[in-house]
file protein_36.cif (mmCIF, C-alpha atoms)
data_target
loop_
_atom_site.group_PDB
_atom_site.id
_atom_site.type_symbol
_atom_site.label_atom_id
_atom_site.label_comp_id
_atom_site.auth_asym_id
_atom_site.auth_seq_id
_atom_site.Cartn_x
_atom_site.Cartn_y
_atom_site.Cartn_z
ATOM 1 C CA MET A 1 -34.352 47.185 38.573
ATOM 2 C CA SER A 2 -36.375 46.783 35.381
ATOM 3 C CA ARG A 3 -37.324 43.484 33.845
ATOM 4 C CA LEU A 4 -35.035 44.117 30.852
ATOM 5 C CA THR A 5 -32.082 44.858 33.125
ATOM 6 C CA ARG A 6 -32.648 41.636 35.103
ATOM 7 C CA TYR A 7 -32.857 39.691 31.845
ATOM 8 C CA ARG A 8 -29.570 41.218 30.647
ATOM 9 C CA HIS A 9 -27.888 40.343 33.947
ATOM 10 C CA ARG A 10 -29.106 36.740 33.767
ATOM 11 C CA LEU A 11 -27.990 36.485 30.152
ATOM 12 C CA MET A 12 -24.551 37.891 30.959
ATOM 13 C CA ASP A 13 -24.209 35.504 33.931
ATOM 14 C CA PHE A 14 -25.157 32.589 31.695
ATOM 15 C CA LEU A 15 -22.700 33.628 28.966
ATOM 16 C CA GLN A 16 -19.922 34.171 31.525
ATOM 17 C CA HIS A 17 -20.559 30.694 32.958
ATOM 18 C CA GLN A 18 -20.445 29.136 29.475
ATOM 19 C CA LEU A 19 -17.250 30.996 28.575
ATOM 20 C CA ASN A 20 -15.602 29.849 31.816
ATOM 21 C CA HIS A 21 -16.647 26.262 31.043
ATOM 22 C CA ILE A 22 -15.109 26.454 27.555
ATOM 23 C CA LEU A 23 -11.891 28.020 28.850
ATOM 24 C CA GLN A 24 -11.595 25.363 31.552
ATOM 25 C CA ALA A 25 -12.089 22.598 28.969
ATOM 26 C CA LEU A 26 -9.390 24.112 26.756
ATOM 27 C CA HIS A 27 -7.058 24.410 29.724
ATOM 28 C CA ASN A 28 -7.532 20.721 30.575
ATOM 29 C CA PHE A 29 -7.158 19.554 26.963
ATOM 30 C CA GLU A 30 -4.730 16.666 26.518
ATOM 31 C CA PHE A 31 -3.307 15.751 23.136
ATOM 32 C CA THR A 32 -2.778 11.992 23.392
ATOM 33 C CA PRO A 33 -1.578 9.605 20.658
ATOM 34 C CA TRP A 34 -5.090 8.169 20.400
ATOM 35 C CA LYS A 35 -6.547 11.636 19.912
ATOM 36 C CA MET A 36 -4.036 12.142 17.105
ATOM 37 C CA VAL A 37 -5.348 8.934 15.508
ATOM 38 C CA GLY A 38 -8.923 10.161 15.954
ATOM 39 C CA TYR A 39 -8.199 13.610 14.516
ATOM 40 C CA LEU A 40 -6.348 12.138 11.543
ATOM 41 C CA GLY A 41 -9.256 9.761 10.891
ATOM 42 C CA SER A 42 -11.732 12.606 11.128
ATOM 43 C CA ILE A 43 -9.695 14.757 8.737
ATOM 44 C CA MET A 44 -9.403 11.918 6.219
ATOM 45 C CA PHE A 45 -13.059 10.963 6.479
ATOM 46 C CA THR A 46 -14.145 14.592 6.028
ATOM 47 C CA SER A 47 -11.690 15.316 3.210
ATOM 48 C CA ARG A 48 -13.373 12.715 1.016
ATOM 49 C CA TRP A 49 -16.227 15.194 0.468
ATOM 50 C CA PHE A 50 -13.785 17.821 -0.795
ATOM 51 C CA VAL A 51 -12.345 15.249 -3.197
ATOM 52 C CA GLN A 52 -15.835 14.383 -4.405
ATOM 53 C CA LEU A 53 -16.708 18.073 -4.812
ATOM 54 C CA TYR A 54 -13.498 18.697 -6.766
ATOM 55 C CA TYR A 55 -14.160 15.880 -9.250
ATOM 56 C CA THR A 56 -17.834 16.769 -9.600
ATOM 57 C CA ARG A 57 -16.930 20.359 -10.469
ATOM 58 C CA LYS A 58 -14.094 19.272 -12.761
ATOM 59 C CA LEU A 59 -16.190 16.760 -14.728
ATOM 60 C CA LYS A 60 -19.447 18.757 -14.433
ATOM 61 C CA ARG A 61 -21.349 15.670 -13.273
ATOM 62 C CA VAL A 62 -21.709 13.864 -9.959
ATOM 63 C CA VAL A 63 -18.930 11.313 -9.501
ATOM 64 C CA MET A 64 -17.518 9.269 -6.643
ATOM 65 C CA PRO A 65 -13.823 8.867 -7.485
ATOM 66 C CA LEU A 66 -11.820 5.920 -6.237
ATOM 67 C CA SER A 67 -9.924 8.199 -3.824
ATOM 68 C CA PHE A 68 -13.272 8.971 -2.133
ATOM 69 C CA TRP A 69 -13.627 5.319 -1.152
ATOM 70 C CA TRP A 70 -9.982 4.983 -0.068
ATOM 71 C CA LEU A 71 -10.313 8.060 2.148
ATOM 72 C CA SER A 72 -13.521 6.551 3.548
ATOM 73 C CA VAL A 73 -11.868 3.216 4.359
ATOM 74 C CA VAL A 74 -8.739 4.690 5.914
ATOM 75 C CA GLY A 75 -10.642 7.412 7.778
ATOM 76 C CA SER A 76 -13.175 4.898 9.118
ATOM 77 C CA ALA A 77 -10.417 2.480 10.158
ATOM 78 C CA LEU A 78 -8.613 5.225 12.068
ATOM 79 C CA LEU A 79 -11.824 6.427 13.696
ATOM 80 C CA LEU A 80 -12.804 2.873 14.616
ATOM 81 C CA SER A 81 -9.364 2.363 16.160
ATOM 82 C CA TYR A 82 -9.772 5.541 18.167
ATOM 83 C CA PHE A 83 -13.250 4.650 19.390
ATOM 84 C CA VAL A 84 -12.346 1.011 20.172
ATOM 85 C CA PHE A 85 -8.920 1.420 21.774
ATOM 86 C CA GLY A 86 -8.564 5.088 22.644
ATOM 87 C CA LYS A 87 -12.002 5.941 23.946
ATOM 88 C CA ASN A 88 -13.991 2.695 24.243
ATOM 89 C CA ASP A 89 -17.105 4.448 22.945
ATOM 90 C CA SER A 90 -19.857 2.191 21.601
ATOM 91 C CA VAL A 91 -21.678 5.061 19.852
ATOM 92 C CA GLY A 92 -18.524 6.004 17.931
ATOM 93 C CA ILE A 93 -17.891 2.361 17.063
ATOM 94 C CA LEU A 94 -21.385 1.852 15.680
ATOM 95 C CA SER A 95 -21.439 5.152 13.808
ATOM 96 C CA ASN A 96 -18.156 4.348 12.017
ATOM 97 C CA PHE A 97 -18.566 0.631 11.387
ATOM 98 C CA PHE A 98 -21.242 0.944 8.703
ATOM 99 C CA PRO A 99 -19.398 3.545 6.564
ATOM 100 C CA ALA A 100 -16.266 1.380 6.740
ATOM 101 C CA PHE A 101 -18.241 -1.661 5.593
ATOM 102 C CA VAL A 102 -19.854 0.234 2.680
ATOM 103 C CA SER A 103 -16.521 1.706 1.604
ATOM 104 C CA VAL A 104 -14.762 -1.665 1.608
ATOM 105 C CA TYR A 105 -17.670 -3.146 -0.350
ATOM 106 C CA ASN A 106 -17.471 -0.369 -2.975
ATOM 107 C CA LEU A 107 -13.720 -0.826 -3.316
ATOM 108 C CA ALA A 108 -14.215 -4.576 -3.816
ATOM 109 C CA VAL A 109 -16.838 -3.930 -6.511
ATOM 110 C CA HIS A 110 -14.486 -1.491 -8.224
ATOM 111 C CA MET A 111 -11.578 -3.962 -8.162
ATOM 112 C CA ARG A 112 -13.769 -6.728 -9.616
ATOM 113 C CA GLU A 113 -14.843 -4.370 -12.398
ATOM 114 C CA VAL A 114 -11.227 -3.414 -13.190
ATOM 115 C CA LYS A 115 -10.263 -7.091 -13.280
ATOM 116 C CA ARG A 116 -13.248 -7.926 -15.505
ATOM 117 C CA ARG A 117 -12.365 -5.110 -17.914
ATOM 118 C CA SER A 118 -8.741 -6.208 -18.135
ATOM 119 C CA LEU A 119 -9.842 -9.776 -18.914
ATOM 120 C CA VAL A 120 -12.207 -8.567 -21.632
ATOM 121 C CA GLU A 121 -9.524 -6.332 -23.158
ATOM 122 C CA SER A 122 -6.943 -9.124 -23.121
ATOM 123 C CA GLU A 123 -9.340 -11.405 -25.022
ATOM 124 C CA VAL A 124 -9.861 -8.847 -27.782
#
call {"tool": "encode", "arguments": {"input": "protein_36.cif", "output": "structure tokens"}}
result
Amino acid sequence: MSRLTRYRHRLMDFLQHQLNHILQALHNFEFTPWKMVGYLGSIMFTSRWFVQLYYTRKLKRVVMPLSFWWLSVVGSALLLSYFVFGKNDSVGILSNFFPAFVSVYNLAVHMREVKRRSLVESEV
């Protein structure tokens, strides 16, 4: 048997093993309520970039619309809930805590600015 043939056999064995592993994982997949929370959080957190892209293209300048921050807060809260209660995963908790904090902070800054503007307009 040639060297190339042995390499092909090893490669095919490796790929077959990997495919079997993937199929077994899919067969054992469980869709729990906490996974639904995690998937929903992931979808919301990811969708914020599509919102940002939409408004950037629409206005032809880089913008971070208010909906971006709301999607960030809600998505992060759902993901944090999943990682705290559903999975008990410290890496997931830490990786989602900071974005949630930043998003809440940016929403608070925005609300203060809206309140300040309304006060200024009411005085005029």
call {"tool": "resolve_selection", "arguments": {"input": "protein_36.cif", "expression": "the PyMOL selection byres ((chain A and resi 65) around 8)", "output": "list in words"}}
result
Val51, Gln52, Tyr55, Val63, Met64, Leu66, Ser67, Phe68 and Trp69 of chain A
call {"tool": "atom_distance", "arguments": {"input": "protein_36.cif", "atom1": "atom CA of A:Thr46", "atom2": "atom CA of A:Ala77"}}
result
13.3 Å
call {"tool": "atom_distance", "arguments": {"input": "protein_36.cif", "atom1": "atom CA of A:Leu80", "atom2": "atom CA of A:Asn96"}}
result
6.1 Å
call {"tool": "atom_distance", "arguments": {"input": "protein_36.cif", "atom1": "atom CA of A:Asn88", "atom2": "atom CA of A:Gln24"}}
result
23.9 Å
call {"tool": "closest_residue", "arguments": {"input": "protein_36.cif", "among": "A:Val62, A:Val73, A:Leu53, A:Met12", "to": "A:Gly41", "atoms": "only C-alpha atoms"}}
result
A:Val73
call {"tool": "axis_aligned_box", "arguments": {"input": "protein_36.cif", "around": "stretch 45-61 of chain A", "padding_each_side": "4 Å", "output": "AutoDock Vina command-line options"}}
result
--center_x -16.5 --center_y 15.7 --center_z -4.1 --size_x 17.7 --size_y 17.4 --size_z 29.2
call {"tool": "resolve_selection", "arguments": {"input": "protein_36.cif", "expression": "the PyMOL selection byres ((chain A and resi 102-114) around 9)", "output": "PDB file with C-alpha atoms, in the coordinates of the input"}}
result
ATOM      1  CA  LEU A  66     -11.820   5.920  -6.237  1.00  0.00           C
ATOM      2  CA  PHE A  68     -13.272   8.971  -2.133  1.00  0.00           C
ATOM      3  CA  TRP A  69     -13.627   5.319  -1.152  1.00  0.00           C
ATOM      4  CA  TRP A  70      -9.982   4.983  -0.068  1.00  0.00           C
ATOM      5  CA  LEU A  71     -10.313   8.060   2.148  1.00  0.00           C
ATOM      6  CA  SER A  72     -13.521   6.551   3.548  1.00  0.00           C
ATOM      7  CA  VAL A  73     -11.868   3.216   4.359  1.00  0.00           C
ATOM      8  CA  SER A  76     -13.175   4.898   9.118  1.00  0.00           C
ATOM      9  CA  PHE A  97     -18.566   0.631  11.387  1.00  0.00           C
ATOM     10  CA  PHE A  98     -21.242   0.944   8.703  1.00  0.00           C
ATOM     11  CA  PRO A  99     -19.398   3.545   6.564  1.00  0.00           C
ATOM     12  CA  ALA A 100     -16.266   1.380   6.740  1.00  0.00           C
ATOM     13  CA  PHE A 101     -18.241  -1.661   5.593  1.00  0.00           C
ATOM     14  CA  LYS A 115     -10.263  -7.091 -13.280  1.00  0.00           C
ATOM     15  CA  ARG A 116     -13.248  -7.926 -15.505  1.00  0.00           C
ATOM     16  CA  ARG A 117     -12.365  -5.110 -17.914  1.00  0.00           C
ATOM     17  CA  SER A 118      -8.741  -6.208 -18.135  1.00  0.00           C
ATOM     18  CA  LEU A 119      -9.842  -9.776 -18.914  1.00  0.00           C
TER      19      LEU A 119
END
call {"tool": "closest_residue", "arguments": {"input": "protein_36.cif", "among": "A:Met44, A:His21, A:Gly38, A:Ser122", "to": "A:Gly92", "atoms": "all atoms listed in the file"}}
result
A:Gly38
call {"tool": "build_atoms", "arguments": {"input": "protein_36.cif", "residues": "stretch 92-123 of chain A", "atoms": "N, CA and C atoms", "output": "compact mmCIF listing (two decimals), in the coordinates of the input"}}
result
# COMPACT_ATOMS: atom_id res chain seq x y z
N GLY A 92 -19.51 5.74 18.98
CA GLY A 92 -18.52 6.00 17.93
C GLY A 92 -18.22 4.77 17.11
N ILE A 93 -18.15 3.61 17.77
CA ILE A 93 -17.89 2.36 17.06
C ILE A 93 -19.01 2.08 16.08
N LEU A 94 -20.25 2.14 16.56
CA LEU A 94 -21.38 1.85 15.68
C LEU A 94 -21.53 2.87 14.55
N SER A 95 -21.26 4.14 14.84
CA SER A 95 -21.44 5.15 13.81
C SER A 95 -20.34 5.11 12.74
N ASN A 96 -19.23 4.44 13.00
CA ASN A 96 -18.16 4.35 12.02
C ASN A 96 -18.02 2.97 11.38
N PHE A 97 -18.67 1.97 11.95
CA PHE A 97 -18.57 0.63 11.39
C PHE A 97 -19.27 0.54 10.04
N PHE A 98 -20.48 1.06 9.94
CA PHE A 98 -21.24 0.94 8.70
C PHE A 98 -20.57 1.65 7.53
N PRO A 99 -20.11 2.92 7.69
CA PRO A 99 -19.40 3.54 6.56
C PRO A 99 -18.15 2.77 6.14
N ALA A 100 -17.44 2.17 7.09
CA ALA A 100 -16.27 1.38 6.74
C ALA A 100 -16.68 0.17 5.91
N PHE A 101 -17.75 -0.49 6.31
CA PHE A 101 -18.24 -1.66 5.59
C PHE A 101 -18.64 -1.28 4.16
N VAL A 102 -19.39 -0.21 4.01
CA VAL A 102 -19.85 0.23 2.68
C VAL A 102 -18.66 0.61 1.80
N SER A 103 -17.69 1.29 2.38
CA SER A 103 -16.52 1.71 1.60
C SER A 103 -15.70 0.51 1.13
N VAL A 104 -15.50 -0.45 2.00
CA VAL A 104 -14.76 -1.66 1.61
C VAL A 104 -15.53 -2.40 0.52
N TYR A 105 -16.84 -2.49 0.66
CA TYR A 105 -17.67 -3.15 -0.35
C TYR A 105 -17.52 -2.44 -1.71
N ASN A 106 -17.59 -1.10 -1.72
CA ASN A 106 -17.47 -0.37 -2.98
C ASN A 106 -16.09 -0.52 -3.59
N LEU A 107 -15.06 -0.58 -2.78
CA LEU A 107 -13.72 -0.83 -3.32
C LEU A 107 -13.63 -2.22 -3.93
N ALA A 108 -14.23 -3.21 -3.28
CA ALA A 108 -14.22 -4.58 -3.82
C ALA A 108 -14.95 -4.63 -5.15
N VAL A 109 -16.09 -3.97 -5.25
CA VAL A 109 -16.84 -3.93 -6.51
C VAL A 109 -16.00 -3.27 -7.59
N HIS A 110 -15.33 -2.18 -7.25
CA HIS A 110 -14.49 -1.49 -8.22
C HIS A 110 -13.35 -2.39 -8.71
N MET A 111 -12.70 -3.09 -7.79
CA MET A 111 -11.58 -3.96 -8.16
C MET A 111 -12.04 -5.12 -9.05
N ARG A 112 -13.22 -5.67 -8.75
CA ARG A 112 -13.77 -6.73 -9.62
C ARG A 112 -14.03 -6.19 -11.01
N GLU A 113 -14.55 -4.97 -11.10
CA GLU A 113 -14.84 -4.37 -12.40
C GLU A 113 -13.55 -4.12 -13.18
N VAL A 114 -12.51 -3.64 -12.53
CA VAL A 114 -11.23 -3.41 -13.19
C VAL A 114 -10.67 -4.74 -13.69
N LYS A 115 -10.76 -5.78 -12.88
CA LYS A 115 -10.26 -7.09 -13.28
C LYS A 115 -11.07 -7.63 -14.47
N ARG A 116 -12.39 -7.46 -14.42
CA ARG A 116 -13.25 -7.93 -15.50
C ARG A 116 -12.91 -7.20 -16.81
N ARG A 117 -12.71 -5.90 -16.72
CA ARG A 117 -12.36 -5.11 -17.91
C ARG A 117 -11.02 -5.54 -18.49
N SER A 118 -10.06 -5.81 -17.63
CA SER A 118 -8.74 -6.21 -18.14
C SER A 118 -8.82 -7.58 -18.81
N LEU A 119 -9.66 -8.47 -18.28
CA LEU A 119 -9.84 -9.78 -18.91
C LEU A 119 -10.51 -9.64 -20.28
N VAL A 120 -11.51 -8.78 -20.37
CA VAL A 120 -12.21 -8.57 -21.63
C VAL A 120 -11.26 -7.96 -22.66
N GLU A 121 -10.47 -6.96 -22.24
CA GLU A 121 -9.52 -6.33 -23.16
C GLU A 121 -8.44 -7.28 -23.62
N SER A 122 -8.00 -8.19 -22.74
CA SER A 122 -6.94 -9.12 -23.12
C SER A 122 -7.46 -10.19 -24.10
N GLU A 123 -8.77 -10.43 -24.10
CA GLU A 123 -9.34 -11.40 -25.02
C GLU A 123 -9.53 -10.81 -26.41
